[in-house]
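Remarks on the structure that follows.
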Amino acid sequence: MNNVVLIGRLTRDPDLRFIPTSGMAVAKFALAVDKGLYGEKKQEAINQGKPTADFINITVFGKTAEVCANYLSKGRQCAIQGRIQTGSYTTQTGEKRYTTDVIADRVEFIGSREQSSSNQGNAVQPDSSFFNDFPDEDNDIFEPVDDEDIPF
């Protein structure tokens, strides 16, 4: 089973591109995920100049990629669910390089936009038209059902 769940903060704004042959959107960004060091171990790592977080490359496809590019920005916290994908390539000098990325199937925004904008100053705010497809809170979308109509 290849399943990954991560929570962290974006280290840079998502880079959105489109596959020329299909037009599919692809967003890439890195997520800083805390290593979970506490107390003396965390202070020791800081004193030695060692990172206290892992920096993981994330790739998202399709409509989710477009939403990430529009509403996520550097410093914003999010949770992703996906799978690990490894690969390799050869550089122009003939050196073989190995890659490990997470292909995200699901991305959830965590924390408020105000938090990230106060931390970052340039967070992207969603367009109010984004919310037009949702019903008003006053309109109840559920209808009562008679117990006799339930088949069990």
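Residues are referred to by chain and number: the chain letter is A, B, ... according to the order shown in the structure tokens, the number counts from 1 in that chain, and ligands are numbered separately from 1 in the order shown.
Non-sequential neighbours of Gln77 of chain A (distance at most 6 Å, separation of 6 or more positions within a chain, only C-alpha atoms) are Gly8, Arg9 and Ile110 of chain A.
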Counting only C-alpha atoms, what is within 10 Å of segment 99-102 of chain A, bar same-chain residues fewer than 5 positions away, as a VMD selection string? chain A and resid 3 to 6 28 30 56 to 60 80 to 89
Expected file contents, prior selection, C-alpha atoms, as a PDB file, in the first residue's frame:
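Dumped to part_30.pdb:
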```
ATOM      1  CA  ASN A   3      -0.441   6.089   0.969  1.00  0.00           C
ATOM      2  CA  VAL A   4       0.918   9.315   2.440  1.00  0.00           C
ATOM      3  CA  VAL A   5      -0.710  11.961   4.628  1.00  0.00           C
ATOM      4  CA  LEU A   6       1.260  15.121   5.398  1.00  0.00           C
ATOM      5  CA  LYS A  28       4.217  21.804  -7.940  1.00  0.00           C
ATOM      6  CA  ALA A  30       7.284  22.053  -1.540  1.00  0.00           C
ATOM      7  CA  ILE A  56       8.880  17.390   0.532  1.00  0.00           C
ATOM      8  CA  ASN A  57       8.081  18.031  -3.126  1.00  0.00           C
ATOM      9  CA  ILE A  58       4.362  17.828  -3.916  1.00  0.00           C
ATOM     10  CA  THR A  59       2.742  17.469  -7.358  1.00  0.00           C
ATOM     11  CA  VAL A  60      -0.985  17.970  -7.948  1.00  0.00           C
ATOM     12  CA  ILE A  80      -2.267  16.507   1.589  1.00  0.00           C
ATOM     13  CA  GLN A  81      -3.117  12.894   0.942  1.00  0.00           C
ATOM     14  CA  GLY A  82      -1.491  10.993  -1.884  1.00  0.00           C
ATOM     15  CA  ARG A  83       1.210   8.520  -2.840  1.00  0.00           C
ATOM     16  CA  ILE A  84       4.995   8.466  -3.078  1.00  0.00           C
ATOM     17  CA  GLN A  85       6.504   8.330  -6.537  1.00  0.00           C
ATOM     18  CA  THR A  86      10.190   7.760  -7.181  1.00  0.00           C
ATOM     19  CA  GLY A  87      12.060   8.383 -10.395  1.00  0.00           C
ATOM     20  CA  SER A  88      15.441   9.144 -11.859  1.00  0.00           C
ATOM     21  CA  TYR A  89      17.043  11.151 -14.615  1.00  0.00           C
TER      22      TYR A  89
END
```
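Put simply, atom CA of Arg12 of chain A is 25.5 Å away from atom CA of Gln43 of chain A.
The environment of Met24 of chain A within 6 Å, counting only C-alpha atoms and disregarding residues fewer than 4 places along the same chain, consists of Phe18, Ile19 and Gly62 of chain A.
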Output for the residues just chosen: C-alpha atoms as a PDB file, in the first residue's frame:
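File again_29.pdb, as written:
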```
ATOM      1  CA  PHE A  18      -0.202  22.943 -18.301  1.00  0.00           C
ATOM      2  CA  ILE A  19       0.713  19.745 -20.160  1.00  0.00           C
ATOM      3  CA  GLY A  62      -6.168  18.670 -12.739  1.00  0.00           C
TER       4      GLY A  62
END
```
Hey, what's within 8 Å of Phe109 of chain A if we count only C-alpha atoms and toss same-chain stuff fewer than 5 positions away? As a compact mmCIF listing (two decimals) with N, CA and C atoms, in the first residue's frame, please?
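Saved as part29.txt:
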```txt
# COMPACT_ATOMS: atom_id res chain seq x y z
N LEU A 72 -3.48 28.84 -2.60
CA LEU A 72 -2.37 28.57 -1.68
C LEU A 72 -1.23 29.53 -1.99
N ARG A 76 1.37 29.21 3.80
CA ARG A 76 0.03 28.69 4.08
C ARG A 76 0.13 27.23 4.50
N GLN A 77 -0.63 26.85 5.50
CA GLN A 77 -0.63 25.48 5.99
C GLN A 77 -1.68 24.67 5.25
N CYS A 78 -1.31 23.43 4.89
CA CYS A 78 -2.28 22.55 4.24
C CYS A 78 -1.96 21.10 4.59
N ALA A 79 -2.95 20.26 4.35
CA ALA A 79 -2.80 18.82 4.52
C ALA A 79 -2.96 18.19 3.15
```
Using only C-alpha atoms, pick whichever of A:Val107, A:Ala45, A:Ala25, A:Ala32 has the shortest atom-to-atom distance to Tyr71 of chain A. A:Val107
Could you check how far atom CA of Asn70 of chain A sits from atom CA of Ile7 of chain A, in Å to one decimal? 19.2 Å
Among segment 41-105 of chain A, which ones does DSSP assign to strand (DSSP E or B) (computed from the backbone)? Answer as a PyMOL selection string. chain A and resi 53-61+77-90+96-105
Could you dump the residues just selected with N, CA and C atoms as a compact mmCIF listing (two decimals), in the first residue's frame?
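New file part18.txt:
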```txt
# COMPACT_ATOMS: atom_id res chain seq x y z
N ALA A 53 12.77 20.30 10.07
CA ALA A 53 11.64 19.95 9.20
C ALA A 53 12.18 19.25 7.95
N ASP A 54 11.33 18.43 7.35
CA ASP A 54 11.63 17.82 6.06
C ASP A 54 10.94 18.65 4.99
N PHE A 55 11.60 18.80 3.84
CA PHE A 55 11.05 19.58 2.75
C PHE A 55 10.69 18.60 1.63
N ILE A 56 9.39 18.44 1.41
CA ILE A 56 8.88 17.39 0.53
C ILE A 56 8.23 18.02 -0.69
N ASN A 57 8.65 17.54 -1.87
CA ASN A 57 8.08 18.03 -3.13
C ASN A 57 6.71 17.41 -3.36
N ILE A 58 5.74 18.25 -3.70
CA ILE A 58 4.36 17.83 -3.92
C ILE A 58 3.97 18.16 -5.35
N THR A 59 3.28 17.24 -6.02
CA THR A 59 2.74 17.47 -7.36
C THR A 59 1.25 17.18 -7.33
N VAL A 60 0.48 18.10 -7.91
CA VAL A 60 -0.99 17.97 -7.95
C VAL A 60 -1.44 18.16 -9.40
N PHE A 61 -2.43 17.39 -9.83
CA PHE A 61 -2.92 17.44 -11.20
C PHE A 61 -4.37 17.91 -11.26
N GLN A 77 -0.63 26.85 5.50
CA GLN A 77 -0.63 25.48 5.99
C GLN A 77 -1.68 24.67 5.25
N CYS A 78 -1.31 23.43 4.89
CA CYS A 78 -2.28 22.55 4.24
C CYS A 78 -1.96 21.10 4.59
N ALA A 79 -2.95 20.26 4.35
CA ALA A 79 -2.80 18.82 4.52
C ALA A 79 -2.96 18.19 3.15
N ILE A 80 -2.14 17.19 2.87
CA ILE A 80 -2.27 16.51 1.59
C ILE A 80 -2.35 15.01 1.83
N GLN A 81 -3.05 14.35 0.93
CA GLN A 81 -3.12 12.89 0.94
C GLN A 81 -2.77 12.44 -0.47
N GLY A 82 -1.90 11.46 -0.56
CA GLY A 82 -1.49 10.99 -1.88
C GLY A 82 -0.61 9.77 -1.80
N ARG A 83 0.32 9.67 -2.77
CA ARG A 83 1.21 8.52 -2.84
C ARG A 83 2.62 8.98 -3.17
N ILE A 84 3.59 8.18 -2.78
CA ILE A 84 4.99 8.47 -3.08
C ILE A 84 5.32 7.94 -4.46
N GLN A 85 6.05 8.75 -5.21
CA GLN A 85 6.50 8.33 -6.54
C GLN A 85 8.00 8.60 -6.64
N THR A 86 8.75 7.60 -7.00
CA THR A 86 10.19 7.76 -7.18
C THR A 86 10.51 7.75 -8.66
N GLY A 87 11.63 8.35 -9.00
CA GLY A 87 12.06 8.38 -10.39
C GLY A 87 13.54 8.71 -10.46
N SER A 88 14.05 8.78 -11.66
CA SER A 88 15.44 9.14 -11.86
C SER A 88 15.61 9.80 -13.21
N TYR A 89 16.69 10.53 -13.34
CA TYR A 89 17.04 11.15 -14.62
C TYR A 89 18.56 11.31 -14.66
N THR A 90 19.08 11.53 -15.85
CA THR A 90 20.52 11.72 -16.04
C THR A 90 20.77 13.18 -16.40
N LYS A 96 23.64 10.44 -12.67
CA LYS A 96 22.28 9.94 -12.44
C LYS A 96 21.75 10.54 -11.14
N ARG A 97 20.55 11.12 -11.20
CA ARG A 97 19.91 11.71 -10.04
C ARG A 97 18.61 10.98 -9.77
N TYR A 98 18.29 10.82 -8.48
CA TYR A 98 17.07 10.14 -8.07
C TYR A 98 16.13 11.16 -7.45
N THR A 99 14.84 10.98 -7.68
CA THR A 99 13.84 11.90 -7.15
C THR A 99 12.78 11.14 -6.35
N THR A 100 12.24 11.81 -5.36
CA THR A 100 11.11 11.30 -4.59
C THR A 100 10.11 12.43 -4.45
N ASP A 101 8.91 12.21 -4.92
CA ASP A 101 7.85 13.21 -4.86
C ASP A 101 6.60 12.57 -4.29
N VAL A 102 5.71 13.42 -3.81
CA VAL A 102 4.38 12.96 -3.39
C VAL A 102 3.39 13.47 -4.43
N ILE A 103 2.64 12.55 -5.01
CA ILE A 103 1.57 12.90 -5.94
C ILE A 103 0.30 13.01 -5.10
N ALA A 104 -0.20 14.23 -4.94
CA ALA A 104 -1.34 14.47 -4.06
C ALA A 104 -2.65 14.25 -4.79
N ASP A 105 -3.51 13.45 -4.19
CA ASP A 105 -4.87 13.24 -4.70
C ASP A 105 -5.85 14.19 -4.03
```
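What separates atom CA of Ser73 of chain A from atom CA of Asp15 of chain A is a distance of 10.1 Å.
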